[in-house]
>>> print(open('structure.cif').read())   # mmCIF, C-alpha atoms
data_model
loop_
_atom_site.label_atom_id
_atom_site.label_comp_id
_atom_site.auth_asym_id
_atom_site.auth_seq_id
_atom_site.Cartn_x
_atom_site.Cartn_y
_atom_site.Cartn_z
CA MET A 90 73.82 110.31 87.58
CA THR A 91 72.67 111.10 91.10
CA PHE A 92 71.11 114.38 92.19
CA PRO A 93 71.28 113.85 95.94
CA VAL A 94 68.85 115.39 98.32
CA ASP A 95 70.54 117.82 100.64
CA ASP A 96 71.58 115.39 103.37
CA THR A 97 74.95 117.03 103.69
CA HIS A 98 74.33 118.17 107.27
CA ILE A 99 73.78 114.58 108.50
CA PRO A 100 76.74 113.23 110.49
CA LEU A 101 78.45 110.10 109.27
CA PRO A 102 77.64 106.97 111.29
CA GLU A 103 80.12 105.98 113.95
CA ILE A 104 81.29 102.52 112.95
CA ALA A 105 83.41 100.48 115.33
CA PRO A 106 85.61 97.81 113.76
CA PRO A 107 83.96 94.42 114.37
CA ASP A 108 86.02 91.86 116.25
CA GLN A 109 85.53 89.34 113.49
CA THR A 110 83.69 89.03 110.21
CA ASP A 111 82.98 86.51 107.47
CA HIS A 112 82.97 89.29 104.89
CA PRO A 113 86.19 88.77 102.89
CA VAL A 114 86.80 92.37 101.92
CA LEU A 115 86.08 93.74 105.37
CA ALA A 116 88.30 91.04 106.87
CA ALA A 117 91.17 92.12 104.63
CA ILE A 118 90.65 95.75 105.60
CA LEU A 119 90.64 94.90 109.30
CA THR A 120 93.88 92.94 108.93
CA GLU A 121 95.49 95.88 107.17
CA LEU A 122 94.31 98.28 109.86
CA ARG A 123 95.72 96.06 112.61
CA ASP A 124 99.10 96.15 110.82
CA ARG A 125 98.82 99.91 110.57
CA GLN A 126 98.45 100.22 114.33
CA GLN A 127 102.13 99.25 114.61
CA ASP A 128 103.14 102.45 112.81
CA PRO A 129 104.01 105.26 115.23
CA LEU A 130 102.92 107.73 112.56
CA VAL A 131 100.84 106.96 109.48
CA VAL A 132 101.78 109.15 106.52
CA ALA A 133 100.15 109.73 103.16
CA HIS A 134 101.81 108.60 99.94
CA TYR A 135 101.71 109.98 96.43
CA GLU A 136 98.79 108.51 94.52
CA ASP A 137 100.67 108.15 91.24
CA ALA A 138 102.49 105.13 92.64
CA PRO A 139 100.79 101.80 93.36
CA MET B 239 111.84 128.60 85.72
CA THR B 240 108.55 129.68 87.29
CA THR B 241 106.61 132.02 85.02
CA HIS B 242 103.46 132.10 87.12
CA PRO B 243 103.41 133.56 90.65
CA HIS B 244 102.45 131.19 93.42
CA PRO B 245 99.02 131.95 94.98
CA PRO B 246 98.64 133.46 98.48
CA TRP B 247 97.70 130.14 100.13
CA PRO B 248 99.94 128.66 101.23
CA TYR B 249 102.87 130.64 99.87
CA ALA B 250 102.29 134.09 101.38
CA LEU B 251 99.92 133.25 104.21
CA LEU B 252 101.38 130.16 105.85
CA ASP B 253 104.00 130.75 108.53
CA THR B 254 106.16 127.61 108.60
CA THR B 255 108.42 128.66 111.45
CA ALA B 256 106.33 126.83 114.06
CA HIS B 257 105.69 123.86 111.80
CA ARG B 258 107.02 120.50 113.04
CA PRO B 259 107.74 118.69 109.80
CA VAL B 260 107.27 115.00 109.20
CA PRO B 261 110.26 113.50 107.36
CA PHE B 262 109.89 112.33 103.79
CA ARG B 263 109.46 108.59 103.44
CA GLN B 264 108.61 108.37 99.75
CA PHE B 265 111.07 109.61 97.13
CA VAL B 266 109.69 109.94 93.61
CA LEU B 267 112.75 109.92 91.37
CA LYS B 268 112.46 110.93 87.74
CA VAL B 269 114.47 108.57 85.58
CA HIS B 270 113.35 110.04 82.27
CA GLY B 271 111.69 113.36 81.65
CA ARG B 272 110.12 112.32 78.38
CA CYS B 273 107.44 109.80 77.44
CA ASN B 274 106.90 107.71 74.34
CA LEU B 275 103.15 108.15 74.75
CA ASP B 276 101.07 111.24 74.12
CA CYS B 277 97.92 110.47 76.12
CA THR B 278 95.27 113.04 75.34
CA TYR B 279 94.48 113.75 79.02
CA CYS B 280 98.04 113.77 80.40
CA TYR B 281 98.37 116.53 83.01
CA LEU B 282 102.15 116.56 82.59
CA TYR B 283 102.60 116.93 78.85
CA GLN B 284 99.18 118.30 77.86
CA GLY B 285 98.73 120.55 80.90
CA PRO B 286 99.62 124.19 81.59
CA ASP B 287 103.17 123.52 82.82
CA HIS B 288 105.82 123.07 80.13
CA GLY B 289 108.79 123.11 82.48
CA TRP B 290 109.68 119.56 81.43
CA ARG B 291 110.99 120.94 78.13
CA ASP B 292 113.85 122.71 79.94
CA ARG B 293 115.13 119.69 81.86
CA PRO B 294 117.48 116.88 80.79
CA ALA B 295 115.66 114.06 79.06
CA ARG B 296 117.44 111.59 81.33
CA THR B 297 118.90 111.77 84.82
CA PRO B 298 122.72 111.76 84.66
CA GLU B 299 124.55 109.25 86.87
CA ARG B 300 126.19 112.08 88.81
CA THR B 301 122.74 113.38 89.75
CA MET B 302 121.59 109.90 90.75
CA ARG B 303 124.53 109.60 93.14
CA ARG B 304 123.88 113.03 94.59
CA VAL B 305 120.20 112.21 95.11
CA ALA B 306 121.17 108.95 96.79
CA ASP B 307 123.52 110.80 99.16
CA ARG B 308 120.81 113.32 100.02
CA ILE B 309 118.33 110.53 100.74
CA ALA B 310 120.92 108.80 102.94
CA GLU B 311 121.45 112.07 104.81
CA HIS B 312 117.69 112.33 105.40
CA VAL B 313 117.40 108.70 106.50
CA ARG B 314 120.28 109.10 108.96
CA GLY B 315 119.07 112.42 110.28
CA HIS B 316 115.60 111.14 111.03
CA ARG B 317 116.59 107.54 111.88
CA LEU B 318 114.17 106.14 109.32
CA ASP B 319 113.98 102.37 109.17
CA ALA B 320 112.22 102.16 105.80
CA ILE B 321 111.63 104.31 102.74
CA ARG B 322 109.86 103.94 99.42
CA VAL B 323 111.51 104.84 96.15
CA GLU B 324 109.29 105.33 93.11
CA LEU B 325 111.15 105.30 89.78
CA HIS B 326 109.09 107.61 87.62
CA GLY B 327 108.97 109.67 84.48
CA GLY B 328 107.98 110.49 81.79
CA GLU B 329 108.36 106.86 80.97
CA PRO B 330 111.07 105.45 83.23
CA LEU B 331 111.71 102.45 80.95
CA LEU B 332 112.05 104.65 77.85
CA THR B 333 115.59 103.43 77.15
CA GLY B 334 115.28 100.07 78.87
CA PRO B 335 115.75 99.02 82.48
CA ASP B 336 119.40 100.08 82.95
CA PRO B 337 118.78 103.62 84.26
CA VAL B 338 116.06 102.37 86.61
CA LEU B 339 118.36 99.67 87.96
CA ALA B 340 121.22 102.14 88.31
CA TYR B 341 119.08 104.64 90.26
CA ALA B 342 117.71 101.98 92.60
CA ASP B 343 121.22 100.59 93.15
CA ALA B 344 122.58 104.04 93.94
CA VAL B 345 119.95 104.61 96.61
CA ARG B 346 120.25 101.15 98.13
CA GLU B 347 124.03 101.43 98.33
CA ALA B 348 123.84 104.83 100.01
CA VAL B 349 121.16 104.29 102.64
CA ASP B 350 121.10 102.17 105.75
CA CYS B 351 117.44 101.17 105.86
CA ARG B 352 114.88 99.04 104.08
CA VAL B 353 114.08 100.32 100.57
CA THR B 354 110.93 99.34 98.69
CA ALA B 355 111.54 100.23 95.05
CA THR B 356 108.81 100.42 92.41
CA VAL B 357 108.84 101.55 88.81
CA GLN B 358 105.62 103.06 87.43
CA THR B 359 105.40 102.43 83.69
CA ASN B 360 103.01 102.62 80.78
CA GLY B 361 104.11 99.06 80.01
CA THR B 362 105.03 99.60 76.39
CA ARG B 363 108.76 98.99 77.01
CA LEU B 364 108.35 96.24 79.60
CA THR B 365 109.88 93.40 77.62
CA ALA B 366 110.32 89.94 79.10
CA GLY B 367 114.03 90.64 79.51
CA ALA B 368 113.39 93.98 81.21
CA LEU B 369 110.95 92.40 83.64
CA ASP B 370 113.41 89.61 84.44
CA ARG B 371 116.07 92.14 85.37
CA LEU B 372 113.74 94.35 87.41
CA ALA B 373 112.34 91.36 89.29
CA ALA B 374 115.83 90.02 89.96
CA ALA B 375 116.75 93.39 91.45
CA GLY B 376 113.68 93.37 93.69
CA ILE B 377 112.02 96.27 91.88
CA ARG B 378 108.26 95.99 91.68
CA VAL B 379 106.39 97.19 88.60
CA GLY B 380 103.21 99.26 88.52
CA LEU B 381 101.22 99.75 85.34
CA SER B 382 99.25 102.77 84.21
CA LEU B 383 96.14 101.69 82.30
CA ASP B 384 92.65 103.09 81.78
CA GLY B 385 90.99 99.68 81.80
CA GLY B 386 91.55 96.13 80.67
CA ARG B 387 90.37 96.41 77.09
CA ALA B 388 91.53 98.26 73.98
CA ALA B 389 88.50 100.53 73.96
CA HIS B 390 89.21 101.73 77.51
CA ASN B 391 92.71 102.74 76.51
CA ALA B 392 91.82 104.63 73.34
CA ARG B 393 93.23 107.85 74.83
CA ARG B 394 96.62 106.21 75.43
CA VAL B 395 98.47 106.61 72.12
CA ASP B 396 102.03 107.29 71.03
CA HIS B 397 103.21 110.43 69.29
CA ALA B 398 102.14 108.99 65.93
CA GLY B 399 98.67 108.21 67.25
CA ARG B 400 99.23 104.47 67.48
CA PRO B 401 97.54 102.71 70.39
CA ALA B 402 99.63 101.73 73.39
CA TRP B 403 97.25 98.94 74.32
CA PRO B 404 98.77 95.94 72.47
CA ALA B 405 102.16 96.40 74.15
CA ALA B 406 100.58 97.36 77.49
CA ARG B 407 98.42 94.24 77.46
CA ALA B 408 101.47 92.09 76.81
CA ALA B 409 103.15 93.77 79.78
CA ALA B 410 100.13 93.07 81.98
CA GLU B 411 100.21 89.41 80.97
CA ARG B 412 103.90 89.18 81.81
CA LEU B 413 103.29 90.76 85.19
CA ALA B 414 100.38 88.46 85.97
CA ALA B 415 102.82 85.58 85.58
CA ARG B 416 105.22 87.26 88.02
CA PRO B 417 103.01 88.21 90.99
CA ARG B 418 105.92 89.05 93.31
CA ALA B 419 107.05 91.75 90.90
CA TYR B 420 103.55 93.07 90.18
CA ALA B 421 102.78 96.18 92.22
CA GLY B 422 99.38 96.91 90.70
CA ILE B 423 97.50 99.09 88.25
CA LEU B 424 96.69 102.79 88.35
CA CYS B 425 93.57 103.64 86.38
CA THR B 426 92.37 107.18 85.66
CA ILE B 427 88.58 107.41 85.58
CA ASP B 428 86.93 108.09 82.23
CA LEU B 429 83.21 108.78 82.65
CA ALA B 430 82.63 107.72 79.05
CA VAL B 431 83.28 104.09 79.86
CA ASP B 432 81.19 101.75 81.96
CA PRO B 433 82.61 101.41 85.48
CA LEU B 434 81.79 97.72 85.85
CA ASP B 435 83.27 96.91 82.45
CA VAL B 436 86.47 98.72 83.46
CA TYR B 437 86.59 97.01 86.85
CA ARG B 438 85.97 93.50 85.56
CA SER B 439 88.39 93.89 82.67
CA LEU B 440 91.08 95.03 85.10
CA LEU B 441 90.41 92.02 87.34
CA ALA B 442 91.08 89.80 84.34
CA LEU B 443 94.64 91.17 84.33
CA ARG B 444 95.07 89.77 87.86
CA PRO B 445 96.67 92.78 89.52
CA PRO B 446 97.32 92.53 93.27
CA GLY B 447 96.03 96.07 93.65
CA VAL B 448 94.21 98.73 91.70
CA ASP B 449 93.70 102.39 92.37
CA PHE B 450 91.14 104.51 90.58
CA LEU B 451 92.37 108.06 90.16
CA LEU B 452 90.21 111.11 89.65
CA PRO B 453 91.41 113.08 86.61
CA HIS B 454 93.51 116.00 87.81
CA ALA B 455 91.35 119.10 87.77
CA ASN B 456 90.62 122.19 89.84
CA TRP B 457 88.19 125.09 90.08
CA ASP B 458 89.86 126.78 87.11
CA ARG B 459 89.94 123.64 84.98
CA PRO B 460 87.00 121.49 86.07
CA PRO B 461 86.99 117.82 85.09
CA PRO B 462 84.84 116.44 82.28
CA GLY B 463 81.25 116.18 83.47
CA ILE B 464 81.46 118.86 86.15
CA PRO B 465 80.44 122.44 85.33
CA GLY B 466 82.73 125.39 85.93
CA ARG B 467 81.82 127.41 89.06
CA PRO B 468 83.49 129.40 91.80
CA PRO B 469 85.08 127.33 94.57
CA GLY B 470 82.64 126.15 97.22
CA ARG B 471 80.59 123.31 98.65
CA HIS B 472 77.82 123.28 96.04
CA ARG B 473 74.72 121.19 96.84
CA PRO B 474 72.70 119.61 95.42
CA THR B 475 74.74 118.86 92.34
CA PRO B 476 75.33 115.89 90.04
CA THR B 477 78.01 113.48 91.24
CA PRO B 478 79.13 111.54 88.16
CA TYR B 479 82.50 110.49 89.61
CA GLY B 480 80.95 109.51 92.94
CA ASP B 481 78.34 107.44 91.11
CA TRP B 482 81.01 105.79 88.92
CA LEU B 483 83.10 104.85 91.92
CA ALA B 484 80.11 103.71 94.00
CA ALA B 485 79.18 101.25 91.24
CA VAL B 486 82.68 99.77 91.32
CA PHE B 487 82.65 99.71 95.12
CA ASP B 488 79.48 97.62 95.19
CA ALA B 489 80.92 95.10 92.73
CA TRP B 490 84.13 94.86 94.76
CA TRP B 491 82.38 94.67 98.14
CA ASP B 492 79.85 92.06 97.03
CA GLU B 493 82.20 89.78 95.15
CA GLY B 494 82.40 87.14 97.88
CA ARG B 495 86.20 87.15 97.89
CA LEU B 496 88.99 89.70 97.75
CA SER B 497 90.09 89.62 94.12
CA THR B 498 92.26 92.69 94.35
CA ARG B 499 92.97 95.55 96.75
CA ILE B 500 91.43 98.89 95.75
CA ARG B 501 93.34 101.59 97.56
CA LEU B 502 90.78 104.38 97.50
CA PHE B 503 88.00 102.16 98.86
CA GLN B 504 90.18 100.56 101.52
CA GLU B 505 91.40 103.94 102.72
CA ILE B 506 87.90 105.38 102.97
CA ALA B 507 86.68 102.29 104.83
CA GLY B 508 89.68 102.53 107.14
CA LEU B 509 88.98 106.19 107.86
CA LEU B 510 85.35 105.37 108.64
CA LEU B 511 86.58 102.74 111.09
CA GLY B 512 88.76 105.30 112.81
CA SER B 513 92.15 104.64 111.23
CA PRO B 514 94.34 107.27 109.52
CA SER B 515 94.90 107.12 105.77
CA ARG B 516 98.02 106.17 103.83
CA ALA B 517 96.77 107.85 100.64
CA GLU B 518 96.85 111.50 99.63
CA ALA B 519 93.42 111.20 97.98
CA VAL B 520 91.53 111.10 101.29
CA GLY B 521 92.13 111.65 104.98
CA LEU B 522 94.31 114.07 106.90
CA SER B 523 97.63 112.23 107.23
CA PRO B 524 100.77 114.26 106.57
CA MET B 525 102.08 113.90 103.03
CA ALA B 526 105.53 112.30 103.07
CA ALA B 527 106.42 112.31 99.37
CA VAL B 528 108.94 114.44 97.52
CA VAL B 529 109.98 114.47 93.86
CA VAL B 530 113.45 114.84 92.34
CA GLU B 531 113.53 115.93 88.71
CA THR B 532 116.07 114.80 86.10
CA ASP B 533 118.21 117.89 86.78
CA GLY B 534 118.22 117.30 90.54
CA ALA B 535 115.51 119.87 91.32
CA ILE B 536 113.58 119.06 94.48
CA GLU B 537 109.90 119.44 93.76
CA GLN B 538 106.44 118.84 95.14
CA VAL B 539 104.33 116.19 93.46
CA ASP B 540 103.94 116.36 89.68
CA SER B 541 100.17 116.47 89.80
CA LEU B 542 100.41 120.09 90.98
CA ARG B 543 101.47 120.94 87.44
CA SER B 544 97.83 120.52 86.47
CA ALA B 545 97.12 123.76 88.39
CA TYR B 546 99.49 126.28 86.84
CA GLU B 547 102.98 126.55 85.40
CA GLY B 548 105.61 126.16 88.09
CA ALA B 549 103.16 124.95 90.72
CA SER B 550 105.35 122.03 91.77
CA GLU B 551 108.59 124.04 92.01
CA THR B 552 110.38 124.72 95.30
CA GLY B 553 113.49 126.50 94.01
CA LEU B 554 115.62 123.85 95.73
CA ASP B 555 117.92 121.20 94.29
CA VAL B 556 119.93 118.28 95.61
CA PHE B 557 123.27 119.92 94.81
CA ARG B 558 122.71 122.88 97.10
CA HIS B 559 119.91 121.86 99.43
CA SER B 560 118.93 119.05 101.77
CA PHE B 561 115.55 117.39 101.95
CA ASP B 562 115.17 118.95 105.41
CA GLN B 563 115.20 122.35 103.72
CA ALA B 564 112.41 121.15 101.44
CA LEU B 565 110.36 120.24 104.51
CA ARG B 566 110.28 123.96 105.37
CA HIS B 567 108.86 124.94 101.99
CA PRO B 568 105.32 126.35 102.39
CA GLY B 569 103.90 124.03 99.74
CA VAL B 570 105.34 120.98 101.48
CA ALA B 571 104.40 122.20 104.96
CA ALA B 572 100.82 122.91 103.90
CA ARG B 573 100.39 119.24 103.09
CA GLN B 574 101.44 118.17 106.58
CA LEU B 575 99.02 120.36 108.52
CA GLY B 576 95.98 118.07 108.51
CA GLU B 577 92.81 119.95 109.41
CA ARG B 578 94.67 123.24 109.72
CA ALA B 579 95.04 123.37 105.94
CA LEU B 580 91.35 122.87 105.24
CA ALA B 581 88.86 125.44 104.01
CA GLU B 582 86.15 126.66 106.37
CA GLU B 583 83.52 124.73 104.43
CA CYS B 584 85.48 121.52 105.04
CA LEU B 585 85.93 122.20 108.75
CA GLY B 586 82.16 122.42 109.15
CA CYS B 587 81.41 119.40 106.97
CA PRO B 588 80.44 116.08 108.60
CA VAL B 589 82.43 114.22 105.92
CA GLY B 590 85.51 116.44 106.17
CA LYS B 591 87.58 114.20 108.43
CA VAL B 592 87.17 111.28 106.02
CA CYS B 593 87.60 112.98 102.67
CA GLY B 594 90.17 115.33 104.23
CA GLY B 595 89.34 117.92 101.60
CA GLY B 596 90.28 115.43 98.89
CA ASN B 597 93.49 115.54 96.93
CA TYR B 598 95.22 118.86 97.64
CA VAL B 599 95.76 119.38 93.92
CA HIS B 600 92.01 119.43 93.27
CA ARG B 601 91.42 122.36 95.65
CA TYR B 602 93.21 125.01 93.59
CA ALA B 603 91.54 128.21 92.44
CA PRO B 604 93.42 131.03 90.69
CA GLY B 605 94.10 134.11 92.77
CA THR B 606 93.64 132.40 96.12
CA GLY B 607 95.31 128.99 95.96
CA PHE B 608 94.71 125.69 97.67
CA ARG B 609 92.46 126.46 100.66
CA HIS B 610 89.17 125.45 99.10
CA PRO B 611 87.01 122.35 99.01
CA SER B 612 87.92 119.91 96.28
CA VAL B 613 86.40 120.44 92.84
CA TYR B 614 85.25 116.83 93.48
CA CYS B 615 83.68 117.79 96.86
CA ALA B 616 80.17 116.50 96.08
CA ASP B 617 81.51 113.35 94.40
CA LEU B 618 83.67 112.55 97.41
CA GLU B 619 80.76 113.03 99.78
CA ARG B 620 78.59 110.79 97.62
CA LEU B 621 81.23 108.05 97.69
CA VAL B 622 82.06 108.39 101.38
CA ARG B 623 78.39 108.23 102.41
CA HIS B 624 77.84 105.24 100.15
CA ILE B 625 80.76 103.34 101.62
CA ALA B 626 79.68 104.33 105.15
CA HIS B 627 76.22 102.91 104.50
CA ARG B 628 77.55 99.61 103.12
CA LEU B 629 80.20 99.30 105.80
CA GLN B 630 77.73 99.98 108.61
CA ARG B 631 75.38 97.26 107.39
CA THR B 632 78.19 94.74 106.98
CA SER B 633 79.71 95.59 110.35
CA ARG B 634 76.38 95.20 112.14
CA ALA B 635 75.92 91.77 110.56
CA ALA B 636 79.38 90.74 111.74
CA ARG B 637 78.73 91.41 115.43
#
>>> encode(input="structure.cif", output="structure tokens")
Amino acid sequence: MTFPVDDTHIPLPEIAPPDQTDHPVLAAILTELRDRQQDPLVVAHYEDAP
Amino acid sequence: MTTHPHPPWPYALLDTTAHRPVPFRQFVLKVHGRCNLDCTYCYLYQGPDHGWRDRPARTPERTMRRVADRIAEHVRGHRLDAIRVELHGGEPLLTGPDPVLAYADAVREAVDCRVTATVQTNGTRLTAGALDRLAAAGIRVGLSLDGGRAAHNARRVDHAGRPAWPAARAAAERLAARPRAYAGILCTIDLAVDPLDVYRSLLALRPPGVDFLLPHANWDRPPPGIPGRPPGRHRPTPTPYGDWLAAVFDAWWDEGRLSTRIRLFQEIAGLLLGSPSRAEAVGLSPMAAVVVETDGAIEQVDSLRSAYEGASETGLDVFRHSFDQALRHPGVAARQLGERALAEECLGCPVGKVCGGGNYVHRYAPGTGFRHPSVYCADLERLVRHIAHRLQRTSRAAR
């Protein structure tokens, strides 16, 4: 169990999507995000459905 | 039916007249209002809301047709080109696949758009014949499991205390042999079990996707492992759920191949890369889901029932009201406001735009309502920062 130091004021890093990657999980995420760009509006779905 | 007054936020304080609603795109349709299991942690049947007792056990065909017509009206009115239909319960396969097939057919016949239909089941009634018929009808199947071994599923028992696992495992094996019909697995986190054991045992069931769900809890009913306190952004504090999820994230991220999608992790990574979320658990995207009960009542999502009795109710039903009227309900509108629905602590938090305040359900506190940080606030920050760190390192290496 982690007792974090109080770093909660530190901003999150700004991470730009890489143009390409050999990392298989990141590659899958980038593909999904490119598909998502086609949606005029991204909406949230109920989590109790896969 | 409500016996508990709604809290001030959003019900008394939110003015919805200027709200520009986002149409529903996900219709959660209750097929059965009862379940053959009696899981010890179930928010629906073990929680504070017993409204299910007053509703029909099964949705009548007349109600199905009326629901289908209302969905068609909504699709036409908003020129939607695709919707999702989730056949839910209770246990939707309680009496076999016929009611599920009938409901999906009714919707597909009524609407003029693409329909993705999924049934979410505990798996105990998913016989080979039932799966054949669902697959033939183009209905995908999602399983609810707490892990891939008997010990992980010890809390999932029937009303006589018998374990659901043997039948659920058989269902998982059938689905693994039918990947086109396999929607994935939903797994509620149990801190008592080892995260890597759960993750690897689920992988062995070969699901195309997994989502890990935080147990439904709030500031009045904190989850196991988190002490009761007033609502707020408490730091420093233990983060058992964040730690559990971070361990699974590392195993998933470092595997060397994508064995399965994990929705929560993918959505957080996507948010960190600047994309909006498709999940209610994180992010600020407008919620586009609505529930129809077995009696035709239009409701907010079931998980709200973990807060207080009547929390999901809108007072509307498909016989007298349209889904557009439901979009004006304060509880529905509050979930489409993005940052404007967040607590002050969240607005000033550097993680707030990624976690989005967490699942709306987990923000509830009696007497005030849903404008608080999540009871999982510290756990979410722990997980988001962990994923940000891993993602930043991987992204740098990719350049």
>>> interface_residues(input="structure.cif", of="chain B", to="chain A", cutoff="8 Å", atoms="all atoms listed in the file", output="JSON, numbers by chain")
{"B": [264, 324, 356, 358, 380, 421, 422, 423, 424, 447, 448, 449, 451, 473, 474, 475, 476, 477, 478, 481, 491, 494, 495, 496, 504, 507, 508, 510, 511, 512, 513, 514, 515, 516, 517, 518, 519, 523, 524, 525, 526, 527, 539, 587, 588, 589, 623, 626, 629, 630, 632, 633, 634, 636, 637]}
>>> atom_distance(input="structure.cif", atom1="atom CA of Gly361 of chain B", atom2="atom CA of Glu551 of chain B")
28.1 Å
>>> atom_distance(input="structure.cif", atom1="atom CA of Ala320 of chain B", atom2="atom CA of Asp350 of chain B")
8.9 Å
>>> atom_distance(input="structure.cif", atom1="atom CA of Gln538 of chain B", atom2="atom CA of Gly569 of chain B")
7.4 Å
>>> resolve_selection(input="structure.cif", expression="the PyMOL selection byres ((chain B and resi 576) around 8)", output="mmCIF file with C-alpha atoms, keeping the file's coordinate frame")
data_model
loop_
_atom_site.group_PDB
_atom_site.id
_atom_site.type_symbol
_atom_site.label_atom_id
_atom_site.label_comp_id
_atom_site.auth_asym_id
_atom_site.auth_seq_id
_atom_site.Cartn_x
_atom_site.Cartn_y
_atom_site.Cartn_z
ATOM 1 C CA LEU B 522 94.310 114.070 106.900
ATOM 2 C CA SER B 523 97.630 112.230 107.230
ATOM 3 C CA PRO B 524 100.770 114.260 106.570
ATOM 4 C CA ARG B 573 100.390 119.240 103.090
ATOM 5 C CA GLN B 574 101.440 118.170 106.580
ATOM 6 C CA LEU B 575 99.020 120.360 108.520
ATOM 7 C CA GLU B 577 92.810 119.950 109.410
ATOM 8 C CA ARG B 578 94.670 123.240 109.720
ATOM 9 C CA ALA B 579 95.040 123.370 105.940
ATOM 10 C CA LEU B 580 91.350 122.870 105.240
ATOM 11 C CA GLY B 594 90.170 115.330 104.230
#
>>> resolve_selection(input="structure.cif", expression="the PyMOL selection byres ((chain B and resi 244-249) around 9)", output="VMD selection string")
chain B and resid 240 242 to 243 250 to 253 546 548 to 549 567 to 569 571 to 572 579 603 to 609
>>> resolve_selection(input="structure.cif", expression="the PyMOL selection byres ((chain B and resi 291) around 12)", output="number ranges by chain")
B: 239, 270-273, 282-283, 287-290, 292-296, 328, 531-533
